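**Student:** Can you keep this structure in mind? I'll have questions shortly.
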Amino acid sequence: MTEDTKHRVPQPIRGNSGGTDPGPRNVAVDLQNPSMLTRPETDSGTLPNMKFSFSQASMRLEPGGWAREVTQRELPIATTLSGVNMRLNPGAIRELHWHKQSEWAYVLNGRCRISAVDQEGRNFLEDVSEGDLWFFPAGIPHHIQALAEGVEFLLVFDDGNFSENNTFLLSDWFAHTPRSVLAKNFGIAEENFDSIPESELYIFNGSAPPPLESDRVVSPTGDVPRTFKHRLLSQEPIRTSGGTARIVDSTNFAASTTTSAALVEIEPDGIRELHWHPTNDEWQYYLSGQGRMGVFASGGVNRTFDYQAGDVGYVPFAMGHYIENTGSTPLRLLEMFKAPRFADISLVQWLALTPPEVVRHHLNFNDVAMGSLHKDKRPVFR
(Lines give C-alpha, C1' and ligand atoms only; values in the text may rest on other atoms or scores of the structure.)
Protein backbone atom coordinates (compact mmCIF):
# COMPACT_ATOMS: atom_id res chain seq x y z
CA MET A 1 0.00 0.00 0.00
CA THR A 2 1.43 3.41 -0.98
CA GLU A 3 1.58 6.35 1.39
CA ASP A 4 -1.05 8.13 -0.73
CA THR A 5 -3.43 5.17 -0.47
CA LYS A 6 -3.05 5.04 3.34
CA HIS A 7 -4.46 8.56 3.58
CA ARG A 8 -7.36 7.64 1.31
CA VAL A 9 -8.46 4.41 2.99
CA PRO A 10 -12.28 4.53 3.08
CA GLN A 11 -14.17 3.23 6.09
CA PRO A 12 -17.69 1.74 6.37
CA ILE A 13 -18.93 4.63 8.50
CA ARG A 14 -21.89 6.93 7.92
CA GLY A 15 -22.78 9.32 10.70
CA ASN A 16 -23.16 7.31 13.90
CA SER A 17 -23.46 3.98 12.06
CA GLY A 18 -20.76 1.47 11.13
CA GLY A 19 -17.17 1.29 12.25
CA THR A 20 -13.62 1.03 11.01
CA ASP A 21 -12.37 -1.94 9.02
CA PRO A 22 -8.67 -2.56 9.86
CA GLY A 23 -8.50 -5.46 7.41
CA PRO A 24 -7.60 -7.76 5.81
CA ARG A 25 -9.21 -5.93 2.90
CA ASN A 26 -8.72 -4.89 -0.71
CA VAL A 27 -8.55 -1.10 -0.47
CA ALA A 28 -8.32 -0.61 -4.25
CA VAL A 29 -11.65 -2.41 -4.73
CA ASP A 30 -13.25 -0.48 -1.86
CA LEU A 31 -12.17 2.79 -3.46
CA GLN A 32 -13.91 1.77 -6.69
CA ASN A 33 -17.12 0.75 -4.90
CA PRO A 34 -17.98 3.40 -2.30
CA SER A 35 -21.71 2.71 -2.67
CA MET A 36 -21.15 -0.86 -1.53
CA LEU A 37 -18.78 -0.05 1.34
CA THR A 38 -20.99 2.75 2.67
CA ARG A 39 -24.26 2.45 0.89
CA PRO A 40 -26.54 5.49 0.52
CA GLU A 41 -29.20 5.87 3.19
CA THR A 42 -31.86 5.41 0.50
CA ASP A 43 -30.62 1.86 -0.25
CA SER A 44 -32.67 -0.87 1.36
CA GLY A 45 -33.02 -4.65 1.20
CA THR A 46 -31.02 -7.08 -0.88
CA LEU A 47 -30.62 -7.24 -4.66
CA PRO A 48 -28.37 -9.49 -6.74
CA ASN A 49 -25.05 -8.15 -7.98
CA MET A 50 -25.47 -6.03 -11.13
CA LYS A 51 -21.81 -5.32 -11.86
CA PHE A 52 -18.88 -7.27 -13.26
CA SER A 53 -15.64 -5.86 -14.65
CA PHE A 54 -13.95 -7.21 -17.75
CA SER A 55 -10.74 -6.77 -15.75
CA GLN A 56 -11.90 -9.74 -13.66
CA ALA A 57 -12.62 -11.91 -16.70
CA SER A 58 -10.20 -14.63 -17.76
CA MET A 59 -8.09 -13.49 -20.73
CA ARG A 60 -7.68 -15.94 -23.62
CA LEU A 61 -4.32 -15.19 -25.27
CA GLU A 62 -3.85 -16.20 -28.92
CA PRO A 63 -1.04 -15.67 -31.50
CA GLY A 64 -3.01 -12.82 -33.12
CA GLY A 65 -4.57 -11.14 -30.09
CA TRP A 66 -6.82 -11.86 -27.11
CA ALA A 67 -10.42 -12.24 -25.98
CA ARG A 68 -12.32 -12.22 -22.69
CA GLU A 69 -16.02 -12.61 -21.96
CA VAL A 70 -18.71 -11.75 -19.42
CA THR A 71 -21.57 -14.24 -19.53
CA GLN A 72 -24.22 -15.41 -17.08
CA ARG A 73 -21.45 -17.51 -15.55
CA GLU A 74 -19.68 -14.32 -14.39
CA LEU A 75 -22.80 -12.19 -13.83
CA PRO A 76 -25.65 -14.60 -12.95
CA ILE A 77 -28.43 -12.01 -13.21
CA ALA A 78 -27.55 -11.30 -16.87
CA THR A 79 -29.83 -13.78 -18.62
CA THR A 80 -30.62 -12.00 -21.89
CA LEU A 81 -27.24 -10.84 -23.23
CA SER A 82 -23.55 -11.67 -22.91
CA GLY A 83 -20.45 -9.81 -24.05
CA VAL A 84 -16.95 -10.38 -25.43
CA ASN A 85 -14.08 -7.89 -25.46
CA MET A 86 -11.60 -8.76 -28.23
CA ARG A 87 -8.33 -7.37 -29.57
CA LEU A 88 -6.83 -8.29 -32.96
CA ASN A 89 -3.24 -7.31 -33.69
CA PRO A 90 -2.46 -5.64 -37.06
CA GLY A 91 -3.52 -8.02 -39.84
CA ALA A 92 -4.75 -10.69 -37.41
CA ILE A 93 -7.92 -12.65 -38.19
CA ARG A 94 -10.85 -13.86 -36.10
CA GLU A 95 -11.39 -16.91 -38.24
CA LEU A 96 -14.40 -17.71 -40.42
CA HIS A 97 -17.16 -18.93 -38.12
CA TRP A 98 -20.84 -18.76 -37.21
CA HIS A 99 -22.99 -19.25 -34.11
CA LYS A 100 -26.56 -19.83 -32.97
CA GLN A 101 -26.83 -16.31 -31.55
CA SER A 102 -26.90 -12.96 -33.32
CA GLU A 103 -23.78 -10.75 -32.97
CA TRP A 104 -23.94 -7.00 -32.31
CA ALA A 105 -20.59 -5.19 -32.17
CA TYR A 106 -19.15 -1.78 -31.32
CA VAL A 107 -15.63 -0.79 -32.43
CA LEU A 108 -13.72 0.62 -29.44
CA ASN A 109 -10.55 1.63 -31.28
CA GLY A 110 -8.68 0.88 -34.51
CA ARG A 111 -10.17 -0.52 -37.71
CA CYS A 112 -11.06 -3.90 -39.17
CA ARG A 113 -12.63 -5.55 -42.20
CA ILE A 114 -15.74 -7.68 -41.81
CA SER A 115 -17.41 -10.07 -44.23
CA ALA A 116 -20.48 -12.31 -44.31
CA VAL A 117 -22.51 -14.50 -46.67
CA ASP A 118 -26.23 -15.14 -46.18
CA GLN A 119 -28.40 -18.14 -47.01
CA GLU A 120 -29.13 -16.80 -50.52
CA GLY A 121 -25.42 -16.56 -51.32
CA ARG A 122 -25.51 -12.76 -51.08
CA ASN A 123 -22.31 -11.37 -49.60
CA PHE A 124 -21.10 -8.39 -47.58
CA LEU A 125 -17.68 -6.77 -47.15
CA GLU A 126 -16.94 -3.48 -45.37
CA ASP A 127 -14.35 -1.71 -43.23
CA VAL A 128 -15.40 -0.40 -39.81
CA SER A 129 -13.65 1.99 -37.44
CA GLU A 130 -14.03 3.48 -33.95
CA GLY A 131 -17.68 4.20 -33.14
CA ASP A 132 -19.04 1.98 -35.91
CA LEU A 133 -21.39 -0.97 -35.34
CA TRP A 134 -21.94 -4.24 -37.10
CA PHE A 135 -24.65 -6.87 -36.77
CA PHE A 136 -24.67 -10.46 -38.00
CA PRO A 137 -27.90 -12.47 -37.69
CA ALA A 138 -27.80 -15.88 -36.03
CA GLY A 139 -26.35 -18.60 -38.23
CA ILE A 140 -24.74 -16.23 -40.77
CA PRO A 141 -21.03 -17.08 -41.39
CA HIS A 142 -18.58 -14.19 -41.08
CA HIS A 143 -15.02 -13.17 -40.29
CA ILE A 144 -13.16 -10.17 -38.83
CA GLN A 145 -9.67 -9.01 -39.82
CA ALA A 146 -7.73 -6.13 -38.32
CA LEU A 147 -6.36 -3.47 -40.62
CA ALA A 148 -2.86 -2.02 -40.31
CA GLU A 149 -3.39 -0.36 -36.90
CA GLY A 150 -5.11 -3.30 -35.24
CA VAL A 151 -8.55 -3.22 -33.63
CA GLU A 152 -10.41 -3.70 -30.34
CA PHE A 153 -14.17 -4.19 -30.15
CA LEU A 154 -17.08 -5.25 -27.97
CA LEU A 155 -19.30 -8.12 -29.12
CA VAL A 156 -22.79 -8.59 -27.66
CA PHE A 157 -24.81 -11.79 -28.12
CA ASP A 158 -28.55 -12.27 -27.52
CA ASP A 159 -28.10 -15.07 -24.97
CA GLY A 160 -26.73 -14.66 -21.45
CA ASN A 161 -25.20 -18.15 -21.58
CA PHE A 162 -23.38 -17.68 -24.90
CA SER A 163 -19.64 -18.36 -24.78
CA GLU A 164 -17.22 -17.21 -27.45
CA ASN A 165 -15.38 -20.50 -26.89
CA ASN A 166 -18.27 -22.49 -28.40
CA THR A 167 -18.61 -21.00 -31.89
CA PHE A 168 -18.68 -23.08 -35.08
CA LEU A 169 -15.16 -22.63 -36.46
CA LEU A 170 -14.17 -23.43 -40.05
CA SER A 171 -10.80 -24.92 -39.08
CA ASP A 172 -12.36 -27.01 -36.31
CA TRP A 173 -14.94 -28.50 -38.71
CA PHE A 174 -12.27 -29.39 -41.29
CA ALA A 175 -10.08 -30.97 -38.60
CA HIS A 176 -12.96 -33.26 -37.58
CA THR A 177 -14.12 -34.25 -41.07
CA PRO A 178 -12.58 -37.32 -42.82
CA ARG A 179 -10.26 -36.38 -45.68
CA SER A 180 -12.25 -38.69 -47.94
CA VAL A 181 -15.39 -36.68 -47.25
CA LEU A 182 -13.58 -33.41 -47.93
CA ALA A 183 -12.30 -34.82 -51.19
CA LYS A 184 -15.81 -35.79 -52.32
CA ASN A 185 -17.26 -32.45 -51.21
CA PHE A 186 -14.73 -30.37 -53.17
CA GLY A 187 -14.27 -32.82 -56.05
CA ILE A 188 -10.47 -33.05 -55.70
CA ALA A 189 -7.97 -35.62 -54.46
CA GLU A 190 -7.43 -36.20 -50.72
CA GLU A 191 -3.79 -35.15 -50.80
CA ASN A 192 -4.90 -31.58 -51.47
CA PHE A 193 -5.96 -31.43 -47.82
CA ASP A 194 -2.65 -32.54 -46.32
CA SER A 195 -1.88 -29.06 -44.99
CA ILE A 196 -5.18 -28.17 -43.31
CA PRO A 197 -4.94 -27.22 -39.61
CA GLU A 198 -5.17 -30.06 -37.10
CA SER A 199 -7.14 -27.95 -34.61
CA GLU A 200 -8.99 -24.64 -34.40
CA LEU A 201 -7.26 -21.38 -35.31
CA TYR A 202 -9.68 -18.96 -33.53
CA ILE A 203 -7.45 -15.82 -33.63
CA PHE A 204 -4.33 -16.01 -35.76
CA ASN A 205 -1.80 -13.73 -37.46
CA GLY A 206 -2.20 -12.59 -41.03
CA SER A 207 -1.11 -9.82 -43.39
CA ALA A 208 -3.01 -6.54 -43.47
CA PRO A 209 -5.72 -6.89 -46.14
CA PRO A 210 -5.49 -5.06 -49.49
CA PRO A 211 -7.62 -2.01 -50.35
CA LEU A 212 -11.31 -2.73 -49.82
CA GLU A 213 -12.40 -2.67 -53.46
CA SER A 214 -9.69 -5.10 -54.55
CA ASP A 215 -10.81 -7.51 -51.82
CA ARG A 216 -14.45 -7.67 -52.93
CA VAL A 217 -15.88 -10.88 -54.38
CA VAL A 218 -18.85 -10.45 -56.71
CA SER A 219 -21.72 -12.81 -55.94
CA PRO A 220 -24.09 -13.87 -58.74
CA THR A 221 -26.99 -13.24 -56.32
CA GLY A 222 -25.73 -9.79 -55.31
CA ASP A 223 -25.07 -8.05 -51.98
CA VAL A 224 -27.01 -8.59 -48.75
CA PRO A 225 -30.23 -6.52 -48.94
CA ARG A 226 -29.62 -4.71 -45.64
CA THR A 227 -26.15 -3.53 -44.69
CA PHE A 228 -24.59 -5.14 -41.61
CA LYS A 229 -22.72 -1.88 -40.83
CA HIS A 230 -23.92 1.28 -39.07
CA ARG A 231 -21.94 4.46 -38.36
CA LEU A 232 -23.24 5.34 -34.92
CA LEU A 233 -21.04 8.40 -34.31
CA SER A 234 -22.26 9.92 -37.59
CA GLN A 235 -25.81 9.76 -36.27
CA GLU A 236 -27.22 13.07 -34.98
CA PRO A 237 -27.62 12.69 -31.19
CA ILE A 238 -30.35 13.84 -28.86
CA ARG A 239 -28.71 16.82 -27.12
CA THR A 240 -29.69 18.11 -23.70
CA SER A 241 -28.09 20.28 -21.02
CA GLY A 242 -26.53 17.20 -19.42
CA GLY A 243 -25.15 15.33 -22.42
CA THR A 244 -26.18 13.32 -25.46
CA ALA A 245 -27.85 10.07 -26.46
CA ARG A 246 -27.70 8.20 -29.75
CA ILE A 247 -30.35 5.50 -30.11
CA VAL A 248 -29.89 2.70 -32.64
CA ASP A 249 -32.39 -0.07 -33.34
CA SER A 250 -34.20 -1.68 -36.25
CA THR A 251 -35.75 1.66 -37.25
CA ASN A 252 -32.41 3.16 -38.28
CA PHE A 253 -30.24 0.02 -38.54
CA ALA A 254 -32.62 -2.37 -40.27
CA ALA A 255 -30.38 -5.44 -40.06
CA SER A 256 -30.29 -5.31 -36.25
CA THR A 257 -33.50 -7.23 -35.66
CA THR A 258 -32.69 -8.71 -32.23
CA THR A 259 -30.60 -6.02 -30.52
CA SER A 260 -31.19 -2.33 -29.82
CA ALA A 261 -28.90 0.11 -28.05
CA ALA A 262 -28.15 3.66 -26.95
CA LEU A 263 -24.78 5.38 -26.72
CA VAL A 264 -25.12 7.80 -23.80
CA GLU A 265 -22.72 10.56 -22.76
CA ILE A 266 -23.32 12.23 -19.39
CA GLU A 267 -21.48 15.45 -18.54
CA PRO A 268 -19.98 15.98 -15.04
CA ASP A 269 -22.80 16.53 -12.52
CA GLY A 270 -25.23 15.18 -15.12
CA ILE A 271 -27.64 12.28 -14.80
CA ARG A 272 -29.27 9.70 -17.02
CA GLU A 273 -32.78 10.45 -15.86
CA LEU A 274 -34.93 8.29 -13.60
CA HIS A 275 -36.56 5.81 -15.98
CA TRP A 276 -37.27 2.16 -16.71
CA HIS A 277 -37.53 -0.09 -19.74
CA PRO A 278 -40.94 -1.65 -20.44
CA THR A 279 -39.83 -4.41 -22.82
CA ASN A 280 -36.61 -6.08 -21.65
CA ASP A 281 -33.53 -6.19 -19.40
CA GLU A 282 -30.67 -3.72 -19.95
CA TRP A 283 -27.03 -4.81 -20.44
CA GLN A 284 -24.51 -1.98 -20.07
CA TYR A 285 -20.89 -1.42 -21.03
CA TYR A 286 -19.01 1.56 -19.56
CA LEU A 287 -16.64 3.15 -22.08
CA SER A 288 -15.06 5.96 -20.07
CA GLY A 289 -15.44 8.04 -16.92
CA GLN A 290 -17.03 6.94 -13.68
CA GLY A 291 -20.55 6.90 -12.32
CA ARG A 292 -23.07 5.25 -10.07
CA MET A 293 -26.41 3.64 -10.75
CA GLY A 294 -29.31 3.33 -8.32
CA VAL A 295 -31.76 0.50 -9.02
CA PHE A 296 -35.29 0.38 -7.55
CA ALA A 297 -36.77 -3.12 -7.49
CA SER A 298 -40.16 -2.37 -5.84
CA GLY A 299 -41.18 -3.57 -2.38
CA GLY A 300 -38.95 -0.97 -0.70
CA VAL A 301 -35.80 -2.53 -2.21
CA ASN A 302 -33.10 -0.32 -3.76
CA ARG A 303 -29.36 -0.76 -4.33
CA THR A 304 -26.59 1.46 -5.69
CA PHE A 305 -23.57 0.36 -7.76
CA ASP A 306 -20.42 2.21 -8.88
CA TYR A 307 -18.93 1.80 -12.38
CA GLN A 308 -15.71 2.61 -14.20
CA ALA A 309 -14.47 2.10 -17.77
CA GLY A 310 -14.54 -1.57 -18.76
CA ASP A 311 -17.33 -2.52 -16.35
CA VAL A 312 -20.53 -4.32 -17.29
CA GLY A 313 -23.79 -3.29 -15.64
CA TYR A 314 -27.20 -4.93 -15.74
CA VAL A 315 -30.76 -3.85 -14.91
CA PRO A 316 -33.58 -6.43 -14.86
CA PHE A 317 -36.78 -5.75 -16.80
CA ALA A 318 -38.95 -2.86 -15.55
CA MET A 319 -36.74 -1.90 -12.57
CA GLY A 320 -36.49 1.88 -12.14
CA HIS A 321 -32.98 3.32 -12.25
CA TYR A 322 -30.76 6.34 -12.87
CA ILE A 323 -27.07 6.74 -13.76
CA GLU A 324 -25.14 9.69 -12.32
CA ASN A 325 -21.75 10.98 -13.41
CA THR A 326 -19.60 11.03 -10.25
CA GLY A 327 -16.36 12.05 -11.97
CA SER A 328 -14.80 15.17 -13.49
CA THR A 329 -14.90 13.94 -17.10
CA PRO A 330 -17.79 12.80 -19.32
CA LEU A 331 -19.26 9.39 -18.50
CA ARG A 332 -19.85 7.34 -21.67
CA LEU A 333 -21.71 4.05 -21.77
CA LEU A 334 -23.64 1.72 -24.04
CA GLU A 335 -27.11 0.50 -23.08
CA MET A 336 -28.14 -2.69 -24.92
CA PHE A 337 -31.36 -4.69 -25.13
CA LYS A 338 -32.51 -8.00 -26.57
CA ALA A 339 -35.27 -6.27 -28.52
CA PRO A 340 -35.70 -4.87 -32.04
CA ARG A 341 -36.81 -1.47 -30.72
CA PHE A 342 -35.33 0.75 -28.01
CA ALA A 343 -37.94 1.70 -25.39
CA ASP A 344 -37.81 3.56 -22.09
CA ILE A 345 -40.30 5.37 -19.89
CA SER A 346 -39.28 8.72 -18.41
CA LEU A 347 -40.43 9.37 -14.84
CA VAL A 348 -40.62 13.14 -15.42
CA GLN A 349 -42.51 12.80 -18.71
CA TRP A 350 -44.97 10.36 -17.11
CA LEU A 351 -45.74 12.82 -14.32
CA ALA A 352 -45.98 15.75 -16.74
CA LEU A 353 -48.59 13.90 -18.82
CA THR A 354 -50.66 12.90 -15.77
CA PRO A 355 -53.41 15.22 -14.42
CA PRO A 356 -51.59 17.74 -12.16
CA GLU A 357 -53.83 17.30 -9.14
CA VAL A 358 -53.20 13.55 -9.20
CA VAL A 359 -49.46 14.23 -9.04
CA ARG A 360 -49.91 16.76 -6.20
CA HIS A 361 -52.00 14.29 -4.19
CA HIS A 362 -49.31 11.61 -4.53
CA LEU A 363 -46.13 13.63 -3.92
CA ASN A 364 -47.20 16.88 -2.23
CA PHE A 365 -45.35 18.80 -4.94
CA ASN A 366 -45.23 22.58 -4.56
CA ASP A 367 -45.52 24.95 -7.53
CA VAL A 368 -41.78 24.87 -8.22
CA ALA A 369 -41.72 21.08 -8.36
CA MET A 370 -44.81 21.02 -10.60
CA GLY A 371 -43.17 23.59 -12.87
CA SER A 372 -40.12 21.39 -13.30
CA LEU A 373 -42.13 18.69 -15.09
CA HIS A 374 -41.64 18.60 -18.86
CA LYS A 375 -43.73 16.76 -21.43
CA ASP A 376 -40.81 15.95 -23.73
CA LYS A 377 -38.32 13.18 -22.99
CA ARG A 378 -34.84 14.34 -21.95
CA PRO A 379 -32.66 11.25 -21.46
CA VAL A 380 -29.76 13.15 -19.90
CA PHE A 381 -29.85 16.40 -17.96
CA ARG A 382 -28.38 18.33 -15.02
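Ligands are numbered from 1 in the order shown, chains are lettered A, B, ... in the order of the C-alpha coordinates, and residues start at 1 in each chain.
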From region 183-347 of chain A, collect each residue whose DSSP state is alpha helix (DSSP H) and return the set as a list in words.
**Tutor:**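 Those residues are Ala183, Lys184, Asn185, Phe186, Leu212, Glu213, Ser214, Asp215 and Leu347 of chain A.
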**Student:** Let me see the file: selected residues, N, CA and C atoms, as a PDB file, in the first residue's frame.
**Tutor:**
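Generated file (part.pdb):
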```
ATOM      1  N   ALA A 183     -12.631 -34.606 -49.785  1.00  0.00           N
ATOM      2  CA  ALA A 183     -12.298 -34.825 -51.194  1.00  0.00           C
ATOM      3  C   ALA A 183     -13.558 -34.920 -52.049  1.00  0.00           C
ATOM      4  N   LYS A 184     -14.554 -35.675 -51.574  1.00  0.00           N
ATOM      5  CA  LYS A 184     -15.810 -35.794 -52.319  1.00  0.00           C
ATOM      6  C   LYS A 184     -16.541 -34.451 -52.377  1.00  0.00           C
ATOM      7  N   ASN A 185     -16.528 -33.718 -51.272  1.00  0.00           N
ATOM      8  CA  ASN A 185     -17.261 -32.455 -51.214  1.00  0.00           C
ATOM      9  C   ASN A 185     -16.704 -31.419 -52.180  1.00  0.00           C
ATOM     10  N   PHE A 186     -15.368 -31.364 -52.307  1.00  0.00           N
ATOM     11  CA  PHE A 186     -14.731 -30.367 -53.174  1.00  0.00           C
ATOM     12  C   PHE A 186     -14.397 -30.909 -54.564  1.00  0.00           C
ATOM     13  N   LEU A 212      -9.991  -2.107 -49.906  1.00  0.00           N
ATOM     14  CA  LEU A 212     -11.310  -2.733 -49.817  1.00  0.00           C
ATOM     15  C   LEU A 212     -11.840  -3.181 -51.175  1.00  0.00           C
ATOM     16  N   GLU A 213     -11.795  -2.320 -52.167  1.00  0.00           N
ATOM     17  CA  GLU A 213     -12.396  -2.668 -53.464  1.00  0.00           C
ATOM     18  C   GLU A 213     -11.705  -3.848 -54.133  1.00  0.00           C
ATOM     19  N   SER A 214     -10.405  -3.978 -53.933  1.00  0.00           N
ATOM     20  CA  SER A 214      -9.688  -5.102 -54.554  1.00  0.00           C
ATOM     21  C   SER A 214      -9.929  -6.400 -53.814  1.00  0.00           C
ATOM     22  N   ASP A 215     -10.530  -6.323 -52.616  1.00  0.00           N
ATOM     23  CA  ASP A 215     -10.809  -7.513 -51.819  1.00  0.00           C
ATOM     24  C   ASP A 215     -12.236  -8.036 -52.039  1.00  0.00           C
ATOM     25  N   LEU A 347     -39.644   9.034 -16.024  1.00  0.00           N
ATOM     26  CA  LEU A 347     -40.431   9.375 -14.840  1.00  0.00           C
ATOM     27  C   LEU A 347     -41.008  10.783 -14.947  1.00  0.00           C
TER      28      LEU A 347
END
```
**Student:** Can you pull out every residue within 7 Å of region 257-272 of chain A, counting only C-alpha atoms, but drop anything in the same chain fewer than 2 positions away, and send it as a PyMOL selection string?
**Tutor:** chain A and resi 104+242-250+254-255+274+322-342+379-382
**Student:** How close does each residue of region 139-241 of chain A get to region 112-126 of chain A, giving the shortest atom pair and distance in Å to one decimal for every residue with an atom at most 8 Å away, counting only C-alpha atoms, sorted by chain and residue number, as a tab-separated table?
**Tutor:**
```
residue	atom	partner	partner_atom	distance
A:Ile140	CA	A:Asp118	CA	5.7
A:Pro141	CA	A:Ala116	CA	5.6
A:His142	CA	A:Ala116	CA	4.2
A:His143	CA	A:Ser115	CA	5.6
A:Ile144	CA	A:Ile114	CA	4.7
A:Gln145	CA	A:Arg113	CA	5.1
A:Ala146	CA	A:Cys112	CA	4.1
A:Leu147	CA	A:Cys112	CA	4.9
A:Gly150	CA	A:Cys112	CA	7.2
A:Val151	CA	A:Cys112	CA	6.1
A:Leu212	CA	A:Glu126	CA	7.2
A:Arg216	CA	A:Leu125	CA	6.7
A:Val218	CA	A:Asn123	CA	8.0
A:Ser219	CA	A:Arg122	CA	6.2
A:Pro220	CA	A:Arg122	CA	7.9
A:Thr221	CA	A:Arg122	CA	5.5
A:Gly222	CA	A:Arg122	CA	5.2
A:Asp223	CA	A:Arg122	CA	4.8
A:Val224	CA	A:Arg122	CA	5.0
A:Thr227	CA	A:Phe124	CA	7.6
A:Phe228	CA	A:Phe124	CA	7.6
A:Lys229	CA	A:Glu126	CA	7.5
```
**Student:** Hey, which of A:Gln32, A:Asn366, A:Gln101, A:Thr240 ends up closest to Gly83 (chain A)? Count only C-alpha atoms.
**Tutor:** A:Gln101
**Student:** DSSP says strand (DSSP E) for which residues of region 231-376 of chain A? Put them as a ChimeraX atom specification?
**Tutor:** /A:231,238-240,243-248,260-266,271-276,282-288,290-298,301-308,311-315,320-325,331-337,345-346
**Student:** Between CA of Asn166 (chain A) and CA of Val70 (chain A), what is the spacing in Å?
**Tutor:**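 Interatomic distance, CA of Val70 (chain A) to CA of Asn166 (chain A): 14.0 Å.
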**Student:** Can you work out which one of A:Leu373, A:Leu96, A:Leu88, A:Leu201 has the shortest atom-to-atom distance to Arg360 (chain A), counting only C-alpha atoms?
**Tutor:**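 Under the stated criterion, the closest residue is A:Leu373.
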**Student:** Give the answer as one residue: which of A:Gly139, A:Pro316, A:Pro356, A:Pro12 has the shortest atom-to-atom distance to Pro48 (chain A), using only C-alpha atoms?
**Tutor:** A:Pro316
**Student:** Go through A:Phe157, A:Trp350, A:Tyr286, A:Phe296 and flag the residue nearest Asp311 (chain A), using only C-alpha atoms for the distances.
**Tutor:**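 Among the listed residues, A:Tyr286 lies closest to Asp311 (chain A).
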**Student:** So that I can check the surroundings of Asn302 (chain A), please list as a list in words every protein, DNA and RNA residue that reaches within 8 Å of it, counting only C-alpha atoms and ignoring chain neighbours fewer than 5 positions away.
**Tutor:**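 Skipping anything fewer than 5 positions along the chain leaves Thr42, Asp43, Ser44, Gly45, Thr46, Leu47, Gly294, Val295, Phe296 and Ala297 of chain A.
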**Student:** Identify which of the residues A:Ala78, A:Leu133, A:Ala208, A:Leu61 lies closest to Ala148 (chain A), counting only C-alpha atoms when measuring atom-to-atom distances.
**Tutor:**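 Looking only at the distances to Ala148 (chain A), the closest residue turns out to be A:Ala208.
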**Student:** Could you tell me which of A:Met50, A:Ile345, A:Leu363, A:Ile93 comes closest to Lys375 (chain A) if we count only C-alpha atoms?
**Tutor:**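 Of A:Met50, A:Ile345, A:Leu363, A:Ile93, the one nearest Lys375 (chain A), counting only C-alpha atoms, is A:Ile345.
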**Student:** Could you pull the residues within 9 Å of region 13-22 of chain A, counting only C-alpha atoms, minus those fewer than 2 positions along the same chain, as a list in words?
**Tutor:** Pro10, Gln11, Pro24, Arg25, Leu37, Thr38, Arg39, Pro40 and Glu41 of chain A
**Student:** Output N, CA and C atoms for every residue in the selection just made, as a PDB file, in the first residue's frame.
**Tutor:**
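Below is the file out29.pdb, written as the result:
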```pdb
ATOM      1  N   PRO A  10     -10.891   4.260   2.690  1.00  0.00           N
ATOM      2  CA  PRO A  10     -12.276   4.530   3.080  1.00  0.00           C
ATOM      3  C   PRO A  10     -12.717   3.589   4.200  1.00  0.00           C
ATOM      4  N   GLN A  11     -13.669   4.034   4.981  1.00  0.00           N
ATOM      5  CA  GLN A  11     -14.172   3.229   6.086  1.00  0.00           C
ATOM      6  C   GLN A  11     -15.693   3.089   5.989  1.00  0.00           C
ATOM      7  N   PRO A  24      -8.061  -7.842   7.215  1.00  0.00           N
ATOM      8  CA  PRO A  24      -7.601  -7.761   5.815  1.00  0.00           C
ATOM      9  C   PRO A  24      -8.701  -7.215   4.887  1.00  0.00           C
ATOM     10  N   ARG A  25      -8.267  -6.510   3.854  1.00  0.00           N
ATOM     11  CA  ARG A  25      -9.214  -5.934   2.900  1.00  0.00           C
ATOM     12  C   ARG A  25      -8.485  -5.514   1.636  1.00  0.00           C
ATOM     13  N   LEU A  37     -19.423  -0.137   0.023  1.00  0.00           N
ATOM     14  CA  LEU A  37     -18.780  -0.054   1.337  1.00  0.00           C
ATOM     15  C   LEU A  37     -19.636   0.758   2.317  1.00  0.00           C
ATOM     16  N   THR A  38     -20.119   1.899   1.857  1.00  0.00           N
ATOM     17  CA  THR A  38     -20.988   2.751   2.672  1.00  0.00           C
ATOM     18  C   THR A  38     -22.186   3.125   1.820  1.00  0.00           C
ATOM     19  N   ARG A  39     -23.161   2.255   1.822  1.00  0.00           N
ATOM     20  CA  ARG A  39     -24.259   2.448   0.887  1.00  0.00           C
ATOM     21  C   ARG A  39     -25.101   3.672   1.254  1.00  0.00           C
ATOM     22  N   PRO A  40     -25.687   4.326   0.253  1.00  0.00           N
ATOM     23  CA  PRO A  40     -26.537   5.488   0.522  1.00  0.00           C
ATOM     24  C   PRO A  40     -27.683   5.138   1.477  1.00  0.00           C
ATOM     25  N   GLU A  41     -28.121   6.108   2.239  1.00  0.00           N
ATOM     26  CA  GLU A  41     -29.204   5.867   3.193  1.00  0.00           C
ATOM     27  C   GLU A  41     -30.487   5.430   2.510  1.00  0.00           C
TER      28      GLU A  41
END
```
